[in-house]
file model00.tsv (TSV, C-alpha atoms)
chain	number	residue	atom	x	y	z
A	1	MET	CA	-14.24	17.16	-0.49
A	2	THR	CA	-12.02	19.39	-2.56
A	3	ASP	CA	-8.27	19.87	-2.47
A	4	SER	CA	-5.92	21.77	-4.74
A	5	SER	CA	-3.59	18.76	-4.90
A	6	PHE	CA	-6.21	16.44	-6.42
A	7	GLY	CA	-5.20	15.33	-9.88
A	8	ASP	CA	-1.75	16.91	-9.86
A	9	SER	CA	0.74	14.54	-11.45
A	10	ASP	CA	3.40	14.98	-8.76
A	11	VAL	CA	0.97	14.01	-5.98
A	12	LEU	CA	-0.34	11.04	-7.95
A	13	THR	CA	3.13	9.67	-8.72
A	14	GLY	CA	4.89	10.35	-5.43
A	15	THR	CA	7.25	13.04	-6.65
A	16	THR	CA	6.23	15.70	-4.11
A	17	ASN	CA	5.52	15.97	-0.39
A	18	ARG	CA	3.53	19.19	-0.49
A	19	HIS	CA	0.24	17.45	0.35
A	20	LEU	CA	1.55	15.88	3.57
A	21	CYS	CA	1.80	16.45	7.29
A	22	LEU	CA	3.75	14.51	9.91
A	23	LEU	CA	2.23	12.23	12.53
A	24	GLU	CA	3.68	13.68	15.72
A	25	ASN	CA	6.60	11.80	17.30
A	26	THR	CA	6.87	9.41	14.34
A	27	PRO	CA	8.59	9.36	10.93
A	28	TYR	CA	5.25	8.80	9.19
A	29	TYR	CA	3.67	11.31	6.84
A	30	PHE	CA	-0.05	11.45	6.02
A	31	HIS	CA	-2.12	13.31	3.50
A	32	ARG	CA	-3.23	16.32	5.49
A	33	SER	CA	-6.91	15.33	5.14
A	34	ALA	CA	-6.30	11.79	6.44
A	35	LEU	CA	-4.38	12.48	9.64
A	36	GLY	CA	-7.27	13.75	11.78
A	37	PRO	CA	-9.57	10.84	10.93
A	38	PHE	CA	-6.76	8.37	11.67
A	39	LEU	CA	-6.14	9.94	15.08
A	40	ASP	CA	-9.86	9.75	15.84
A	41	MET	CA	-9.87	6.08	14.85
A	42	HIS	CA	-6.74	5.44	16.90
A	43	LYS	CA	-8.42	6.92	19.98
A	44	SER	CA	-11.51	4.76	19.49
A	45	ALA	CA	-9.37	1.66	19.01
A	46	MET	CA	-7.44	2.41	22.19
A	47	GLU	CA	-10.72	2.50	24.10
A	48	ALA	CA	-11.40	-0.99	22.72
A	49	GLY	CA	-7.96	-2.24	23.80
A	50	PHE	CA	-6.09	-1.96	20.49
A	51	ASN	CA	-3.05	0.24	19.91
A	52	LEU	CA	-3.04	0.91	16.17
A	53	HIS	CA	0.44	1.71	14.94
A	54	VAL	CA	1.63	2.54	11.47
A	55	CYS	CA	4.46	0.61	9.87
A	56	SER	CA	4.17	2.35	6.50
A	57	SER	CA	2.35	5.45	5.29
A	58	PHE	CA	3.57	7.84	2.58
A	59	ARG	CA	6.32	6.47	0.34
A	60	ASP	CA	7.70	8.68	-2.38
A	61	PHE	CA	8.65	7.53	-5.86
A	62	SER	CA	12.30	7.04	-4.93
A	63	SER	CA	11.46	4.87	-1.91
A	64	GLN	CA	9.12	2.71	-3.96
A	65	LEU	CA	11.77	2.49	-6.68
A	66	ASN	CA	14.33	1.24	-4.16
A	67	ILE	CA	11.95	-1.50	-3.01
A	68	TRP	CA	11.22	-2.48	-6.60
A	69	ASN	CA	14.85	-2.57	-7.69
A	70	ALA	CA	15.93	-4.57	-4.65
A	71	LYS	CA	13.33	-7.23	-5.45
A	72	ALA	CA	14.04	-7.12	-9.18
A	73	THR	CA	17.74	-7.86	-8.56
A	74	GLY	CA	17.24	-10.58	-5.94
A	75	LYS	CA	18.36	-8.46	-2.98
A	76	ARG	CA	14.96	-8.77	-1.31
A	77	PRO	CA	12.82	-11.92	-1.37
A	78	LEU	CA	10.02	-12.59	-3.80
A	79	ARG	CA	6.94	-14.41	-2.51
A	80	ASP	CA	4.11	-16.40	-4.00
A	81	ARG	CA	0.44	-15.77	-3.24
A	82	ASN	CA	0.73	-17.73	0.02
A	83	GLY	CA	3.71	-15.72	1.23
A	84	ARG	CA	6.25	-18.46	0.50
A	85	GLU	CA	9.62	-17.36	-0.79
A	86	LEU	CA	10.35	-17.99	-4.48
A	87	ASN	CA	13.64	-19.00	-6.06
A	88	PHE	CA	14.74	-15.83	-7.84
A	89	GLU	CA	17.38	-17.64	-9.91
A	90	VAL	CA	14.90	-19.74	-11.91
A	91	LEU	CA	12.49	-16.92	-12.83
A	92	SER	CA	12.40	-15.01	-16.10
A	93	GLY	CA	12.35	-11.21	-16.04
A	94	GLU	CA	8.62	-11.18	-16.71
A	95	GLU	CA	8.00	-13.74	-13.95
A	96	VAL	CA	10.04	-11.62	-11.54
A	97	MET	CA	8.02	-8.55	-12.52
A	98	PHE	CA	4.65	-10.20	-11.89
A	99	SER	CA	5.94	-11.75	-8.65
A	100	ILE	CA	6.91	-8.30	-7.38
A	101	LEU	CA	3.51	-6.88	-8.32
A	102	ARG	CA	1.71	-9.38	-6.12
A	103	TRP	CA	3.12	-7.66	-3.03
A	104	SER	CA	4.70	-4.34	-4.07
A	105	ALA	CA	3.28	-1.56	-6.21
A	106	LEU	CA	4.92	-0.25	-9.33
A	107	PRO	CA	6.73	3.04	-8.60
A	108	GLY	CA	4.53	5.88	-9.78
A	109	ALA	CA	1.41	3.77	-9.23
A	110	SER	CA	1.54	3.13	-5.48
A	111	ARG	CA	-1.38	4.27	-3.34
A	112	HIS	CA	1.23	4.98	-0.66
A	113	HIS	CA	2.39	7.92	-2.78
A	114	TRP	CA	-0.78	9.77	-1.80
A	115	GLY	CA	-0.37	9.67	1.99
A	116	THR	CA	-3.88	8.23	2.23
A	117	ASP	CA	-2.89	4.59	2.57
A	118	LEU	CA	-1.40	2.97	5.65
A	119	ASP	CA	-0.13	-0.39	6.82
A	120	VAL	CA	-1.28	-0.80	10.42
A	121	TYR	CA	-0.91	-3.33	13.22
A	122	ASP	CA	-1.76	-3.63	16.92
A	123	ARG	CA	1.30	-2.75	18.96
A	124	ASN	CA	-0.28	-4.26	22.07
A	125	ALA	CA	-0.24	-7.70	20.43
A	126	ILE	CA	3.48	-7.88	19.65
A	127	PRO	CA	5.48	-10.43	21.67
A	128	LYS	CA	8.89	-9.38	22.93
A	129	ASP	CA	11.57	-9.27	20.21
A	130	TYR	CA	9.01	-9.99	17.47
A	131	THR	CA	9.65	-8.66	13.95
A	132	ILE	CA	6.58	-7.81	11.89
A	133	LYS	CA	6.55	-9.61	8.54
A	134	LEU	CA	3.35	-8.24	6.96
A	135	ILE	CA	2.13	-11.66	5.84
A	136	PRO	CA	-1.43	-13.04	5.92
A	137	ASP	CA	-0.74	-15.43	8.82
A	138	GLU	CA	-0.23	-12.44	11.14
A	139	PHE	CA	-3.51	-10.73	10.26
A	140	GLU	CA	-6.02	-13.46	9.44
A	141	GLY	CA	-7.68	-16.26	11.40
A	142	THR	CA	-5.79	-16.74	14.67
A	143	GLY	CA	-2.95	-14.37	13.72
A	144	ILE	CA	-1.66	-12.04	16.41
A	145	PHE	CA	-3.03	-8.93	14.70
A	146	ALA	CA	-6.37	-10.44	13.65
A	147	PRO	CA	-8.40	-9.16	16.65
A	148	ALA	CA	-7.47	-5.53	15.97
A	149	HIS	CA	-8.33	-5.93	12.31
A	150	ASN	CA	-11.62	-7.59	13.21
A	151	TRP	CA	-12.33	-4.40	15.16
A	152	LEU	CA	-11.36	-2.36	12.09
A	153	ASP	CA	-13.76	-4.40	9.96
A	154	THR	CA	-16.60	-3.20	12.17
A	155	ASN	CA	-15.45	0.35	12.84
A	156	MET	CA	-13.08	1.80	10.24
A	157	ALA	CA	-15.79	2.95	7.81
A	158	ARG	CA	-17.04	5.37	10.50
A	159	PHE	CA	-13.72	7.19	10.13
A	160	GLY	CA	-13.58	7.01	6.33
A	161	PHE	CA	-11.23	4.04	5.89
A	162	PHE	CA	-11.56	0.89	3.77
A	163	ARG	CA	-9.40	-1.99	2.50
A	164	PRO	CA	-8.45	-1.66	-1.19
A	165	TYR	CA	-6.90	-5.14	-1.13
A	166	ALA	CA	-9.55	-6.98	0.84
A	167	GLN	CA	-10.06	-9.74	-1.71
A	168	ASP	CA	-7.96	-11.78	-4.13
A	169	ARG	CA	-9.04	-10.29	-7.45
A	170	GLY	CA	-6.23	-11.85	-9.45
A	171	GLY	CA	-3.84	-8.93	-9.00
A	172	VAL	CA	-2.41	-7.64	-5.73
A	173	ASN	CA	-2.52	-10.19	-2.95
A	174	PRO	CA	-5.06	-9.55	-0.20
A	175	GLU	CA	-3.40	-7.26	2.34
A	176	ARG	CA	-5.49	-6.99	5.45
A	177	TRP	CA	-2.94	-4.66	7.01
A	178	HIS	CA	-3.44	-2.06	4.27
A	179	ILE	CA	-6.16	0.54	4.85
A	180	SER	CA	-7.04	3.62	2.83
A	181	PHE	CA	-8.75	6.93	3.55
A	182	GLU	CA	-11.60	6.76	1.05
A	183	PRO	CA	-12.66	10.44	0.68
A	184	VAL	CA	-9.26	11.43	-0.68
A	185	ALA	CA	-7.85	8.19	-2.05
A	186	GLN	CA	-10.76	7.43	-4.34
A	187	VAL	CA	-10.57	10.88	-5.91
A	188	LEU	CA	-6.88	10.37	-6.65
A	189	TYR	CA	-7.48	6.78	-7.78
A	190	ALA	CA	-9.95	8.04	-10.39
A	191	LYS	CA	-7.40	10.50	-11.78
A	192	LEU	CA	-4.38	8.21	-12.09
A	193	ASP	CA	-3.89	6.91	-15.64
A	194	LYS	CA	-1.37	4.64	-17.28
A	195	GLU	CA	0.13	7.32	-19.53
A	196	LEU	CA	1.09	9.35	-16.47
A	197	ILE	CA	2.76	6.24	-15.04
A	198	ARG	CA	4.54	5.61	-18.32
A	199	LYS	CA	5.77	9.22	-18.36
A	200	VAL	CA	7.35	8.98	-14.91
A	201	LEU	CA	8.87	5.53	-15.53
A	202	LYS	CA	10.52	6.13	-18.90
A	203	PRO	CA	13.35	8.38	-17.62
A	204	SER	CA	13.77	6.44	-14.36
A	205	ASP	CA	16.41	3.83	-13.55
A	206	ILE	CA	13.83	1.14	-12.77
A	207	GLU	CA	14.86	-2.47	-13.24
A	208	LEU	CA	12.86	-4.54	-15.78
A	209	LYS	CA	11.86	-1.34	-17.58
A	210	ASP	CA	11.36	-3.05	-20.94
A	211	GLU	CA	9.12	-5.72	-19.45
A	212	ILE	CA	7.13	-3.12	-17.52
A	213	LEU	CA	6.50	-0.83	-20.48
A	214	LYS	CA	5.59	-3.75	-22.73
A	215	ASN	CA	3.04	-4.98	-20.18
A	216	LEU	CA	1.85	-1.65	-18.82
A	217	ASP	CA	-1.74	-2.04	-20.06
A	218	ILE	CA	-2.06	-5.36	-18.22
A	219	ILE	CA	-0.29	-4.02	-15.12
A	220	PHE	CA	-2.55	-0.98	-14.96
A	221	GLN	CA	-5.77	-2.99	-15.23
A	222	ARG	CA	-4.75	-5.94	-13.05
A	223	TYR	CA	-2.65	-4.30	-10.33
A	224	VAL	CA	-3.65	-0.60	-10.23
A	225	ARG	CA	-7.35	-0.37	-11.15
A	226	ASN	CA	-8.33	-3.79	-9.82
A	227	ILE	CA	-9.12	-2.98	-6.17
A	228	SER	CA	-11.81	-3.99	-3.70
A	229	LEU	CA	-14.43	-1.30	-3.36
A	230	PRO	CA	-15.31	0.43	-0.07
A	231	GLY	CA	-17.61	-1.75	1.99
A	232	VAL	CA	-15.90	-5.02	1.00
A	233	LEU	CA	-14.19	-6.79	3.93
call {"tool": "encode", "arguments": {"input": "model00.tsv", "output": "structure tokens"}}
result
Amino acid sequence: MTDSSFGDSDVLTGTTNRHLCLLENTPYYFHRSALGPFLDMHKSAMEAGFNLHVCSSFRDFSSQLNIWNAKATGKRPLRDRNGRELNFEVLSGEEVMFSILRWSALPGASRHHWGTDLDVYDRNAIPKDYTIKLIPDEFEGTGIFAPAHNWLDTNMARFGFFRPYAQDRGGVNPERWHISFEPVAQVLYAKLDKELIRKVLKPSDIELKDEILKNLDIIFQRYVRNISLPGVL
């Protein structure tokens, strides 16, 4: 598959929206090559009794920066690998940084910048007045969204999707809710490099900038490159 946006720094780092199209009647933007396959998968899931809904798709650099800075300043909770909230007040800057990276991508390095990656859940499974938390207990074992994701395990590859965070590889926590459109995402993944990330971060107002730049080699290898390959569930 070819696309004129592949490899362009603004697409890779979330500083443009020119590669996107809108999912009708929603606020969610997709890479234009990923929308059709998602709709096909959604239709197939509906026939199986699951109503796949998106709770996050494209996020630009600014949106990812807002998430990062809110966590880095204690305005949003930090969580350990089991999803338990950490005490922000006792953590060093470096500890805060690595705690954020377990669950939230570094701005400029998020797969959500590409419009290929989605967080999805089964709307049919939500009890009344329930607020989605995006934690493992909801999606694994007997969790309310586990049946839909069991269906995805069996079927999503037919539509080109895989789970980049299927396993605990010592970096990003497993995120069963996160799926990625392989034919586009893996091309972009191969083209993203740490110097491009450094270039977009240096002039930004990101919190913990000194810690990030000092550790960028480790961050890039452990939290950006270190994904589960297609076919791993």
call {"tool": "closest_residue", "arguments": {"input": "model00.tsv", "among": "A:Cys21, A:Leu208, A:Leu233, A:Ile179", "to": "Leu118 in chain A", "atoms": "all atoms listed in the file"}}
result
A:Ile179
call {"tool": "residues_around", "arguments": {"input": "model00.tsv", "residues": "range 66-70 of chain A", "least_positions_apart": "4", "cutoff": "9 Å", "atoms": "all atoms listed in the file", "output": "ChimeraX atom specification"}}
result
/A:61-62,74-77,100,104-107,205-208
call {"tool": "closest_residue", "arguments": {"input": "model00.tsv", "among": "A:Trp114, A:Tyr29, A:Phe88, A:Tyr121", "to": "Phe145 in chain A", "atoms": "all atoms listed in the file"}}
result
A:Tyr121
call {"tool": "atom_distance", "arguments": {"input": "model00.tsv", "atom1": "CA of Gly170 in chain A", "atom2": "CA of Asp8 in chain A"}}
result
29.1 Å
call {"tool": "closest_residue", "arguments": {"input": "model00.tsv", "among": "A:Asn25, A:Asn226, A:Ser33, A:Thr15", "to": "Ala185 in chain A", "atoms": "all atoms listed in the file"}}
result
A:Ser33
call {"tool": "residues_around", "arguments": {"input": "model00.tsv", "residues": "Lys209 in chain A", "least_positions_apart": "2", "cutoff": "12 Å", "atoms": "only C-alpha atoms", "output": "PDB file with C-alpha atoms, in the frame of the given file"}}
result
ATOM      1  CA  LEU A  65      11.770   2.490  -6.680  1.00  0.00           C
ATOM      2  CA  TRP A  68      11.220  -2.480  -6.600  1.00  0.00           C
ATOM      3  CA  ASN A  69      14.850  -2.570  -7.690  1.00  0.00           C
ATOM      4  CA  ALA A  72      14.040  -7.120  -9.180  1.00  0.00           C
ATOM      5  CA  GLY A  93      12.350 -11.210 -16.040  1.00  0.00           C
ATOM      6  CA  GLU A  94       8.620 -11.180 -16.710  1.00  0.00           C
ATOM      7  CA  MET A  97       8.020  -8.550 -12.520  1.00  0.00           C
ATOM      8  CA  LEU A 106       4.920  -0.250  -9.330  1.00  0.00           C
ATOM      9  CA  PRO A 107       6.730   3.040  -8.600  1.00  0.00           C
ATOM     10  CA  ARG A 198       4.540   5.610 -18.320  1.00  0.00           C
ATOM     11  CA  VAL A 200       7.350   8.980 -14.910  1.00  0.00           C
ATOM     12  CA  LEU A 201       8.870   5.530 -15.530  1.00  0.00           C
ATOM     13  CA  LYS A 202      10.520   6.130 -18.900  1.00  0.00           C
ATOM     14  CA  PRO A 203      13.350   8.380 -17.620  1.00  0.00           C
ATOM     15  CA  SER A 204      13.770   6.440 -14.360  1.00  0.00           C
ATOM     16  CA  ASP A 205      16.410   3.830 -13.550  1.00  0.00           C
ATOM     17  CA  ILE A 206      13.830   1.140 -12.770  1.00  0.00           C
ATOM     18  CA  GLU A 207      14.860  -2.470 -13.240  1.00  0.00           C
ATOM     19  CA  GLU A 211       9.120  -5.720 -19.450  1.00  0.00           C
ATOM     20  CA  ILE A 212       7.130  -3.120 -17.520  1.00  0.00           C
ATOM     21  CA  LEU A 213       6.500  -0.830 -20.480  1.00  0.00           C
ATOM     22  CA  LYS A 214       5.590  -3.750 -22.730  1.00  0.00           C
ATOM     23  CA  ASN A 215       3.040  -4.980 -20.180  1.00  0.00           C
ATOM     24  CA  LEU A 216       1.850  -1.650 -18.820  1.00  0.00           C
TER      25      LEU A 216
END
call {"tool": "decode", "arguments": {"input": "model00.tsv", "residues": "range 68-88 of chain A", "atoms": "C-alpha atoms", "output": "mmCIF file, in the first residue's frame"}}
result
data_model
loop_
_atom_site.group_PDB
_atom_site.id
_atom_site.type_symbol
_atom_site.label_atom_id
_atom_site.label_comp_id
_atom_site.auth_asym_id
_atom_site.auth_seq_id
_atom_site.Cartn_x
_atom_site.Cartn_y
_atom_site.Cartn_z
ATOM 1 C CA TRP A 68 1.031 14.299 29.428
ATOM 2 C CA ASN A 69 1.227 17.633 31.231
ATOM 3 C CA ALA A 70 -1.857 16.908 33.329
ATOM 4 C CA LYS A 71 -0.297 13.663 34.537
ATOM 5 C CA ALA A 72 3.138 15.218 34.983
ATOM 6 C CA THR A 73 1.696 17.900 37.293
ATOM 7 C CA GLY A 74 -0.547 15.599 39.332
ATOM 8 C CA LYS A 75 -3.819 16.813 37.796
ATOM 9 C CA ARG A 76 -4.602 13.354 36.421
ATOM 10 C CA PRO A 77 -3.839 10.099 38.237
ATOM 11 C CA LEU A 78 -0.764 7.977 37.692
ATOM 12 C CA ARG A 79 -1.169 4.197 37.822
ATOM 13 C CA ASP A 80 1.084 1.224 38.376
ATOM 14 C CA ARG A 81 1.180 -1.814 36.092
ATOM 15 C CA ASN A 82 -1.928 -3.240 37.780
ATOM 16 C CA GLY A 83 -3.934 -0.058 37.294
ATOM 17 C CA ARG A 84 -3.672 1.034 40.928
ATOM 18 C CA GLU A 85 -3.294 4.738 41.569
ATOM 19 C CA LEU A 86 0.148 5.956 42.669
ATOM 20 C CA ASN A 87 0.952 8.692 45.162
ATOM 21 C CA PHE A 88 2.210 11.517 42.955
#
